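Engineer: Before anything else, here's the structure in question.
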Amino acid sequence: MLVEERLARLAADGRPLVQTLNGAGRVSETLSYRDAVAAARLLAGRLALAAARPVVGVITGNTTEFVVADLALLLSGAVEVPVPIAFSAEQAASLLAPAGLCLVDEAGRRRLTQWGAQRVLPPGCQVVEVNHAELVAAAEGQVWPGALPPASPWEDDQAICKIVHTSGTTSQPKGVQIRGAGLDALIRSLDRVMPPDSYARYLSLAPFSLLIEQVAAIYLVICHGGTVVLLPPDEPLVGTSSFAANGVLRYTAAARPTALVATPALAEELAERADRAASLGRSVVPELFGRAEAPLICCGGAPVDVGTLHRLDRHGLIVYEGYGLSENSSAVSWNVPGNRRIGTVGRPLDHVEVRLAEDRELLVRSSSLFAGYTGTDPSACLVDSEGWLHTGDLATIEDTGHIRIVGRKKNVIVTSAGRNIAPEWVEAQYATLPFVRAAAVVGDGLQTLHGLFLVATSTDEATARRGIAALGAERLSTVERVSAACVLPASDEWYGLFFTVTGRPRRNEIRAALTDGRLPCEPLDPPAPTPTHTTTPGR
């Protein structure tokens, strides 16, 4: 595995692998490559991970403890099950069902107590709290037989290294089984297209429980011999809170990142900050990122408004959109420096093939495909007899090979008037409103679209409703615009109920709540007509 190879070269290196910021934006904690490898090996040895290769749940925040635990599991061949702290007890229990061991940090221990360990852990599952400082101190002076294990535990092409979550149609997440060899194929492919040293200093803003964040923040950083910079432990991460996009930008200048992965909401907030800095005559990149050169900004998960991308371009902040899904070990395609087309999600990585089915569904075949699910769900992606993964996403492929995602096959809204609408694009338009923190539209069986909007607490409902109506009239056709809306003040409670950790709307729950009266959904007043000025003859 490429990560093992690169880590072997750095196993005695004193440069920092992890730096953690405090609330003032200063580095409060550092873990070197040398200490990370020693701590990971000691943890693996204590738990006999290489001999038993157990299924291990990991419940942590974005902390140094996660990095140590992740490396211990990866290097020993155990099966890692990262569990989002934001999960409900029922969701956590579903994902942890096969675990015989559970690793936690301080935040994970608190969350396990809140859930109730007996509710979420299977019988006999041992809980071990990981403390990186204790492990580093205990490992000091120990002599290891060789830099790293001499043989990779992932030589078996079908060996499972992780079980990661992805949302399903039920309250329980789907468990996606990731092969070690598949993850390696993906990392090698990404390593080939990323600019040299772009991951020298990566700012982690999303939960480590997401596979793409493990790939970007840990594995690509190791491949570049770089440093991952972590936010203060109590700072809400992007995707866990409707306030996170605004909060995390307080640390970007202090972190001085060379790379980060953003969400559409964060891209919109960056555009607002950049416009404001430019209007005040300040240099945008140093103002936002504390360095002369703009970082590599990658984005995925949902489309970014094209207008927002152009605004960022004008400030020298280039966002490279990509596309992926857990069933392909995360990334499928990516726009890369020197080969970027706005509005697309880039060309397939070089280990990936794509084609379109007759109904324009995107099909993917690659060496990084998953090994199946741990359970069943109606939303499961199918792999056909020729090895093509049916993604459920509708797309077009341009002559250059760039992929354009146009909607979700199962999300296409069919109104009672028989009109078909792809909700993702509509939601991206409403998300450009500066007060909107999250937006979702539904409409199956309804005459028109209904929308749920979580808005900044500084914006009153009447103002928000006028803005929503005005944007619909300006940018969207009559069919695409929301005619009835529920406007709620943004809160973590509402966000957690109606959006996934990756920011995707829970459409079934939203539609039910909007139509059965649990959420107030009122018709939008049409926007006031734009005044016209006429000239009286003779004047």
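By order in the structure tokens, chains are A, B, ...; within a chain, residues start at 1; ligands start at 1, following the order shown.
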Tell me which protein, DNA and RNA residues are within 10 Å of Gly407 in chain A, counting only C-alpha atoms, leaving out same-chain ones fewer than 2 positions away, and put them as number ranges by chain.

Structural biologist: A: 302-303, 361, 392-395, 404-405, 409-412, 421-425

Engineer: Write the residues you've just listed into a file as a compact mmCIF listing (two decimals), in the first residue's frame, and include N, CA and C atoms for each of them.

Structural biologist:
```
# COMPACT_ATOMS: atom_id res chain seq x y z
N ALA A 302 -22.01 17.98 -3.42
CA ALA A 302 -23.16 18.66 -3.98
C ALA A 302 -22.62 19.74 -4.91
N PRO A 303 -23.43 20.18 -5.89
CA PRO A 303 -22.92 21.17 -6.84
C PRO A 303 -22.76 22.54 -6.21
N GLU A 361 -28.00 7.27 -16.67
CA GLU A 361 -27.42 6.98 -15.38
C GLU A 361 -25.92 6.76 -15.55
N GLY A 392 -26.79 5.58 -9.68
CA GLY A 392 -28.04 6.27 -9.36
C GLY A 392 -28.01 7.74 -9.71
N ASP A 393 -26.86 8.24 -10.22
CA ASP A 393 -26.74 9.65 -10.59
C ASP A 393 -26.91 9.80 -12.10
N LEU A 394 -27.62 10.83 -12.50
CA LEU A 394 -27.82 11.14 -13.91
C LEU A 394 -26.72 12.09 -14.35
N ALA A 395 -26.19 11.89 -15.55
CA ALA A 395 -25.03 12.67 -15.97
C ALA A 395 -24.98 12.82 -17.48
N ARG A 404 -20.59 15.79 -16.21
CA ARG A 404 -21.51 16.79 -15.67
C ARG A 404 -22.67 16.05 -15.00
N ILE A 405 -22.79 16.17 -13.67
CA ILE A 405 -23.87 15.53 -12.93
C ILE A 405 -25.12 16.41 -13.03
N LYS A 409 -31.05 10.01 -9.92
CA LYS A 409 -32.11 9.25 -10.59
C LYS A 409 -33.31 9.04 -9.68
N LYS A 410 -33.06 8.64 -8.43
CA LYS A 410 -34.16 8.36 -7.50
C LYS A 410 -34.70 9.63 -6.85
N ASN A 411 -33.99 10.74 -7.03
CA ASN A 411 -34.43 12.00 -6.44
C ASN A 411 -35.26 12.83 -7.39
N VAL A 412 -35.33 12.43 -8.66
CA VAL A 412 -36.09 13.22 -9.61
C VAL A 412 -37.52 13.38 -9.10
N ILE A 421 -38.36 17.25 -12.15
CA ILE A 421 -37.45 18.28 -11.66
C ILE A 421 -36.29 17.61 -10.93
N ALA A 422 -35.06 18.01 -11.23
CA ALA A 422 -33.88 17.54 -10.50
C ALA A 422 -33.65 18.50 -9.33
N PRO A 423 -33.86 18.07 -8.09
CA PRO A 423 -33.84 19.01 -6.96
C PRO A 423 -32.47 19.58 -6.63
N GLU A 424 -31.39 18.84 -6.93
CA GLU A 424 -30.06 19.30 -6.51
C GLU A 424 -29.70 20.66 -7.10
N TRP A 425 -30.02 20.85 -8.39
CA TRP A 425 -29.69 22.13 -9.03
C TRP A 425 -30.54 23.25 -8.44
```

Engineer: Name all residues at most 9 Å from range 182-185 of chain A (count only C-alpha atoms; drop same-chain ones fewer than 2 positions away) and give them as a list in words.

Structural biologist: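 Neighbouring residues, sequence-local ones excluded: Met1, Leu2, Val3, Trp154, Asp157, Gln158, Cys161, Ile178, Arg179, Gly180, Ile187, Arg188, Ser189, Leu190, Val215, Asn328, Ser329, Ser330, His351, Ser366, Ser367, Ser368, Leu369 and Phe370 of chain A.
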
Engineer: With N, CA, C and O atoms retained, write the just-selected residues as a CSV table (one decimal), in the first residue's frame.

Structural biologist:
```csv
chain,number,residue,atom,x,y,z
A,1,MET,N,0.8,-1.2,0.0
A,1,MET,CA,0.0,0.0,0.0
A,1,MET,C,0.9,1.2,0.0
A,1,MET,O,1.9,1.3,0.7
A,2,LEU,N,0.5,2.2,-0.8
A,2,LEU,CA,1.3,3.4,-1.0
A,2,LEU,C,1.5,4.2,0.4
A,2,LEU,O,2.6,4.6,0.7
A,3,VAL,N,0.5,4.2,1.2
A,3,VAL,CA,0.6,4.9,2.5
A,3,VAL,C,1.7,4.2,3.3
A,3,VAL,O,2.5,4.9,4.0
A,154,TRP,N,-2.6,-6.0,3.2
A,154,TRP,CA,-3.6,-5.9,2.1
A,154,TRP,C,-3.1,-6.5,0.8
A,154,TRP,O,-3.6,-6.1,-0.2
A,157,ASP,N,-6.3,-9.2,-2.3
A,157,ASP,CA,-7.1,-8.1,-3.0
A,157,ASP,C,-8.5,-7.9,-2.4
A,157,ASP,O,-9.0,-6.9,-2.6
A,158,GLN,N,-9.0,-8.9,-1.8
A,158,GLN,CA,-10.4,-8.8,-1.3
A,158,GLN,C,-10.5,-8.5,0.2
A,158,GLN,O,-11.5,-8.4,0.8
A,161,CYS,N,-10.6,-3.4,4.7
A,161,CYS,CA,-9.9,-2.5,5.6
A,161,CYS,C,-10.8,-1.6,6.4
A,161,CYS,O,-10.5,-1.1,7.5
A,178,ILE,N,-15.0,-1.5,2.4
A,178,ILE,CA,-13.9,-0.9,1.5
A,178,ILE,C,-12.7,-1.9,1.6
A,178,ILE,O,-12.2,-2.3,2.6
A,179,ARG,N,-12.2,-2.3,0.4
A,179,ARG,CA,-11.1,-3.2,0.3
A,179,ARG,C,-9.8,-2.4,0.5
A,179,ARG,O,-9.7,-1.3,0.0
A,180,GLY,N,-8.8,-3.0,1.2
A,180,GLY,CA,-7.5,-2.3,1.3
A,180,GLY,C,-6.9,-2.1,-0.1
A,180,GLY,O,-6.3,-1.0,-0.3
A,187,ILE,N,-5.9,5.9,-3.8
A,187,ILE,CA,-4.8,6.9,-3.3
A,187,ILE,C,-3.7,7.1,-4.3
A,187,ILE,O,-3.3,8.2,-4.5
A,188,ARG,N,-3.3,6.0,-4.9
A,188,ARG,CA,-2.3,6.1,-6.0
A,188,ARG,C,-2.7,7.0,-7.1
A,188,ARG,O,-2.0,7.8,-7.7
A,189,SER,N,-4.0,6.8,-7.5
A,189,SER,CA,-4.5,7.6,-8.6
A,189,SER,C,-4.6,9.1,-8.2
A,189,SER,O,-4.2,9.9,-9.0
A,190,LEU,N,-5.1,9.4,-7.0
A,190,LEU,CA,-5.1,10.8,-6.6
A,190,LEU,C,-3.7,11.4,-6.5
A,190,LEU,O,-3.5,12.5,-6.8
A,215,VAL,N,-8.9,10.1,3.4
A,215,VAL,CA,-8.0,10.1,2.3
A,215,VAL,C,-7.3,11.4,2.1
A,215,VAL,O,-6.0,11.4,1.9
A,328,ASN,N,-17.1,3.6,-4.4
A,328,ASN,CA,-15.9,3.5,-5.1
A,328,ASN,C,-14.7,4.0,-4.3
A,328,ASN,O,-13.7,4.5,-4.8
A,329,SER,N,-14.8,3.8,-3.0
A,329,SER,CA,-13.7,4.2,-2.0
A,329,SER,C,-13.5,5.7,-2.0
A,329,SER,O,-12.5,6.2,-1.7
A,330,SER,N,-14.5,6.4,-2.4
A,330,SER,CA,-14.7,7.9,-2.4
A,330,SER,C,-14.6,8.4,-3.8
A,330,SER,O,-15.6,8.3,-4.6
A,351,HIS,N,-7.7,5.2,-12.8
A,351,HIS,CA,-8.0,3.8,-12.6
A,351,HIS,C,-9.5,3.6,-12.7
A,351,HIS,O,-10.0,2.5,-12.4
A,366,SER,N,-14.1,0.2,-11.8
A,366,SER,CA,-12.7,0.6,-11.4
A,366,SER,C,-12.2,-0.5,-10.5
A,366,SER,O,-12.9,-1.4,-10.0
A,367,SER,N,-10.9,-0.3,-10.2
A,367,SER,CA,-10.2,-1.2,-9.2
A,367,SER,C,-10.4,-0.8,-7.8
A,367,SER,O,-9.9,-1.5,-6.9
A,368,SER,N,-11.1,0.2,-7.5
A,368,SER,CA,-11.4,0.7,-6.2
A,368,SER,C,-12.8,0.4,-5.7
A,368,SER,O,-13.2,1.0,-4.7
A,369,LEU,N,-13.6,-0.4,-6.5
A,369,LEU,CA,-15.0,-0.6,-6.1
A,369,LEU,C,-15.0,-1.4,-4.8
A,369,LEU,O,-14.1,-2.1,-4.4
A,370,PHE,N,-16.1,-1.2,-4.0
A,370,PHE,CA,-16.3,-1.8,-2.7
A,370,PHE,C,-16.6,-3.3,-2.8
A,370,PHE,O,-16.7,-3.8,-3.9
```

Engineer: Give the answer as one residue: which of A:Arg360, A:His224, A:Arg201, A:Arg355 has the shortest atom-to-atom distance to Ala255 in chain A, using only C-alpha atoms?

Structural biologist: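 The answer is A:Arg201, which sits nearest to Ala255 in chain A.
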
Engineer: Identify, on the basis of only C-alpha atoms, every residue whose closest approach to Ala216 in chain A does not exceed 12 Å; exclude the query and any residue fewer than 2 positions from it along the same chain; express the result as a PyMOL selection string.

Structural biologist: chain A and resi 3+186-187+190-191+194+198-208+210-214+218-224+226-229+259-262+296-299+330-331

Engineer: Go through A:Thr478, A:Leu21, A:Phe453, A:Val306 and flag the residue nearest Pro520 in chain A, using only C-alpha atoms for the distances.

Structural biologist: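 Distance minimum relative to Pro520 in chain A lands on A:Phe453.
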